[in-house]
Each structure stands twice: as C-alpha cells, then as structure tokens.
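Trainee: Provided below: my_file.cif, containing mmCIF, C-alpha atoms.
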```cif
data_model
#
loop_
_atom_site.label_atom_id
_atom_site.label_comp_id
_atom_site.auth_asym_id
_atom_site.auth_seq_id
_atom_site.Cartn_x
_atom_site.Cartn_y
_atom_site.Cartn_z
CA MET N 1 -54.17 -63.13 30.80
CA SER N 2 -51.59 -60.31 30.68
CA LYS N 3 -49.88 -61.88 27.64
CA MET N 4 -53.21 -61.82 25.82
CA ILE N 5 -53.68 -58.13 26.69
CA ILE N 6 -50.15 -57.32 25.51
CA ASP N 7 -50.61 -59.27 22.27
CA THR N 8 -53.91 -57.47 21.62
CA ALA N 9 -52.27 -54.11 22.28
CA LYS N 10 -49.49 -54.95 19.81
CA THR N 11 -52.00 -55.94 17.13
CA VAL N 12 -54.06 -52.80 17.61
CA ARG N 13 -50.90 -50.70 17.54
CA GLN N 14 -49.82 -52.29 14.24
CA VAL N 15 -53.23 -51.49 12.70
CA VAL N 16 -53.06 -47.88 13.94
CA LEU N 17 -49.50 -47.53 12.63
CA TYR N 18 -50.47 -48.84 9.20
CA GLN N 19 -53.48 -46.53 8.97
CA ALA N 20 -51.58 -43.47 10.26
CA GLN N 21 -48.80 -43.97 7.70
CA ALA N 22 -51.39 -43.95 4.90
CA ILE N 23 -52.88 -40.57 5.86
CA PRO N 24 -51.22 -37.54 4.22
CA GLU N 25 -49.87 -35.10 6.83
CA GLU N 26 -51.90 -32.24 5.33
CA LEU N 27 -55.00 -34.05 6.66
CA PHE N 28 -53.61 -34.46 10.19
CA ASP N 29 -54.84 -31.07 11.38
CA ILE N 30 -58.27 -30.85 9.80
CA GLN N 31 -60.91 -30.65 12.49
CA ALA N 32 -64.27 -31.91 11.29
CA ASP N 33 -67.44 -30.14 12.36
CA SER N 34 -68.72 -31.26 15.77
CA TYR N 35 -65.36 -32.80 16.73
CA ASN N 36 -62.95 -31.25 19.23
CA ASN N 37 -59.85 -32.96 17.92
CA THR N 38 -57.89 -33.89 14.82
CA ILE N 39 -56.11 -36.97 13.49
CA ARG N 40 -52.81 -35.61 14.90
CA TRP N 41 -54.39 -35.24 18.33
CA ASN N 42 -55.96 -38.71 18.28
CA ILE N 43 -52.71 -40.40 17.29
CA GLY N 44 -50.80 -38.43 19.92
CA HIS N 45 -53.46 -39.25 22.50
CA MET N 46 -53.00 -42.98 21.84
CA ILE N 47 -49.22 -42.61 22.16
CA TYR N 48 -49.52 -40.57 25.36
CA TRP N 49 -51.88 -42.99 27.10
CA MET N 50 -50.03 -46.14 26.02
CA ASP N 51 -46.87 -44.63 27.49
CA THR N 52 -48.75 -43.71 30.66
CA TYR N 53 -50.14 -47.24 31.01
CA MET N 54 -46.68 -48.71 30.44
CA THR N 55 -45.18 -46.55 33.17
CA LEU N 56 -47.96 -47.46 35.60
CA GLY N 57 -48.42 -51.13 34.70
CA PHE N 58 -44.83 -52.19 34.14
CA SER N 59 -42.90 -49.64 36.20
CA LYS N 60 -41.16 -48.39 33.07
CA GLU N 61 -39.83 -44.87 32.62
CA SER N 62 -41.67 -42.70 30.14
CA ALA N 63 -40.33 -43.00 26.60
CA ILE N 64 -42.03 -39.89 25.18
CA PRO N 65 -41.19 -36.20 25.47
CA ALA N 66 -42.75 -34.45 28.49
CA SER N 67 -44.42 -31.99 26.09
CA TYR N 68 -46.79 -34.73 24.91
CA ALA N 69 -48.90 -34.23 28.05
CA SER N 70 -49.68 -30.62 27.08
CA PHE N 71 -50.65 -31.69 23.57
CA PHE N 72 -52.37 -35.04 24.05
CA ASN N 73 -53.53 -35.62 27.63
CA SER N 74 -57.27 -35.89 28.25
CA GLY N 75 -58.86 -32.45 28.25
CA THR N 76 -56.42 -30.99 25.73
CA ALA N 77 -57.42 -29.85 22.25
CA PRO N 78 -55.59 -28.60 19.16
CA ALA N 79 -57.45 -25.28 19.43
CA ASN N 80 -55.52 -24.59 22.65
CA TRP N 81 -52.02 -25.49 21.43
CA VAL N 82 -49.53 -22.63 21.66
CA ASP N 83 -46.47 -24.63 20.58
CA THR N 84 -45.89 -26.63 17.42
CA PRO N 85 -47.08 -30.23 17.88
CA PRO N 86 -45.01 -33.25 16.86
CA SER N 87 -44.77 -33.96 13.14
CA LYS N 88 -46.37 -36.97 11.50
CA GLU N 89 -42.89 -38.49 11.18
CA GLU N 90 -42.26 -38.14 14.92
CA LEU N 91 -45.67 -39.58 15.79
CA ILE N 92 -45.08 -42.54 13.45
CA GLN N 93 -41.70 -43.13 15.09
CA GLN N 94 -43.31 -43.09 18.55
CA LEU N 95 -46.05 -45.51 17.43
CA SER N 96 -43.40 -47.85 16.02
CA SER N 97 -41.22 -47.75 19.11
CA GLN N 98 -44.18 -48.62 21.33
CA LEU N 99 -44.43 -52.01 19.61
CA THR N 100 -41.17 -53.27 21.11
CA PRO N 101 -40.93 -52.44 24.82
CA TYR N 102 -43.57 -54.89 26.04
CA PRO N 103 -42.36 -57.57 28.39
CA SER N 104 -42.74 -61.14 27.14
#
```
Would you encode the structure as structure tokens?

Mentor:
Amino acid sequence: MSKMIIDTAKTVRQVVLYQAQAIPEELFDIQADSYNNTIRWNIGHMIYWMDTYMTLGFSKESAIPASYASFFNSGTAPANWVDTPPSKEELIQQLSSQLTPYPS
C-alpha cells in the first residue's frame, strides 16, 4: 500500500513540475479576484507540505529552508509576506529534488 502511495506522489509531482516549468515567472505572483493566494504560493505550499509529510512519515530531516514555513504553511498568504519569496528557479529545483528521496 505505501509503495502505491509513494508512486502516486511521484507521478503527481512530475505533473506539477511539468506544469510549473511552463508558467512564465511574471505570472507567479498574480492573485486572481476571490483567491487568497498565487501560483508561487501554491507551488511553495505543495513543496512545504510534502517535506513536512516526509519528515513525519519517514523520519527524514527537512530538506527545505526554514523560511518556507513563513511563506507557505497553512494560514499564510502572499499579501502578508515581508521578505522576498523563493524564485521560480528555486521552487522548480525543490520540486525536482522531492522526486528522489522516497524510500523504495
């Protein structure tokens, strides 16, 4: 069962990575009406929570910068950011690196 969950997570991550790479960075911070967050926030949120689940489920150390919690944890929003968030390039790198650390 856990192998199936891991394989599904890898597939979903590959789809997200492909889609994120195709979006121009100038669109990453546009916040549509009636939405609290942006593409940058949503990608970062996925990275943050996958890392959190990996640390809890597989007793792994976090592989992302500590600052990601202040940007992408539940309850955060781009409107409240005081520091510069990670670039598209950094987020893409984090998405890519999360494809490999799963146990077999």

Trainee: Using the chain letters and numbers from the file, which residues does the PyMOL selection byres ((chain N and resi 44) around 12) grab, as a PyMOL selection string?

Mentor: chain N and resi 16-17+20+28-29+37-43+45-51+64-65+67-74+76-78+85-95

Trainee: Enclose all atoms of stretch 21-39 of chain N listed in the file in an axis-aligned box, grow every side by 8 Å, and hand back centre and edge lengths in Å to one decimal, as JSON.

Mentor:
```
{"center_x": -58.8, "center_y": -37.1, "center_z": 11.7, "size_x": 35.9, "size_y": 29.8, "size_z": 31.0}
```

Trainee: Closest to N:Asn80 among N:Ser59, N:Ala22, N:Asn36, N:Met54, using only C-alpha atoms?

Mentor: N:Asn36

Trainee: Quick check, in Å to one decimal: how far apart do atom CA of N:Val12 and atom CA of N:Tyr53 lie?

Mentor: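 These atoms are spaced 15.0 Å apart.
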
Trainee: Could you tell me how far atom CA of N:Glu25 lies from atom CA of N:Thr84, in Å and to one decimal?

Mentor: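 That distance, rounded to one decimal, is 14.1 Å.
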
Trainee: Give me, please, the distance in Å between atom CA of N:Glu26 and atom CA of N:Ser97, quoted to one decimal.

Mentor: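 The value is 23.3 Å.
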
Trainee: Restricting the calculation to all atoms listed in the file: of N:Gln98, N:Asp33, N:Asp83, N:Tyr18, which residue gets closest to N:Ser62?

Mentor: N:Gln98

Trainee: Between N:Ala32, N:Leu99, N:Ala63, N:Leu56, which is the closest to N:Thr11 once you count only C-alpha atoms?

Mentor: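 For N:Thr11, the nearest of the given residues is N:Leu99.
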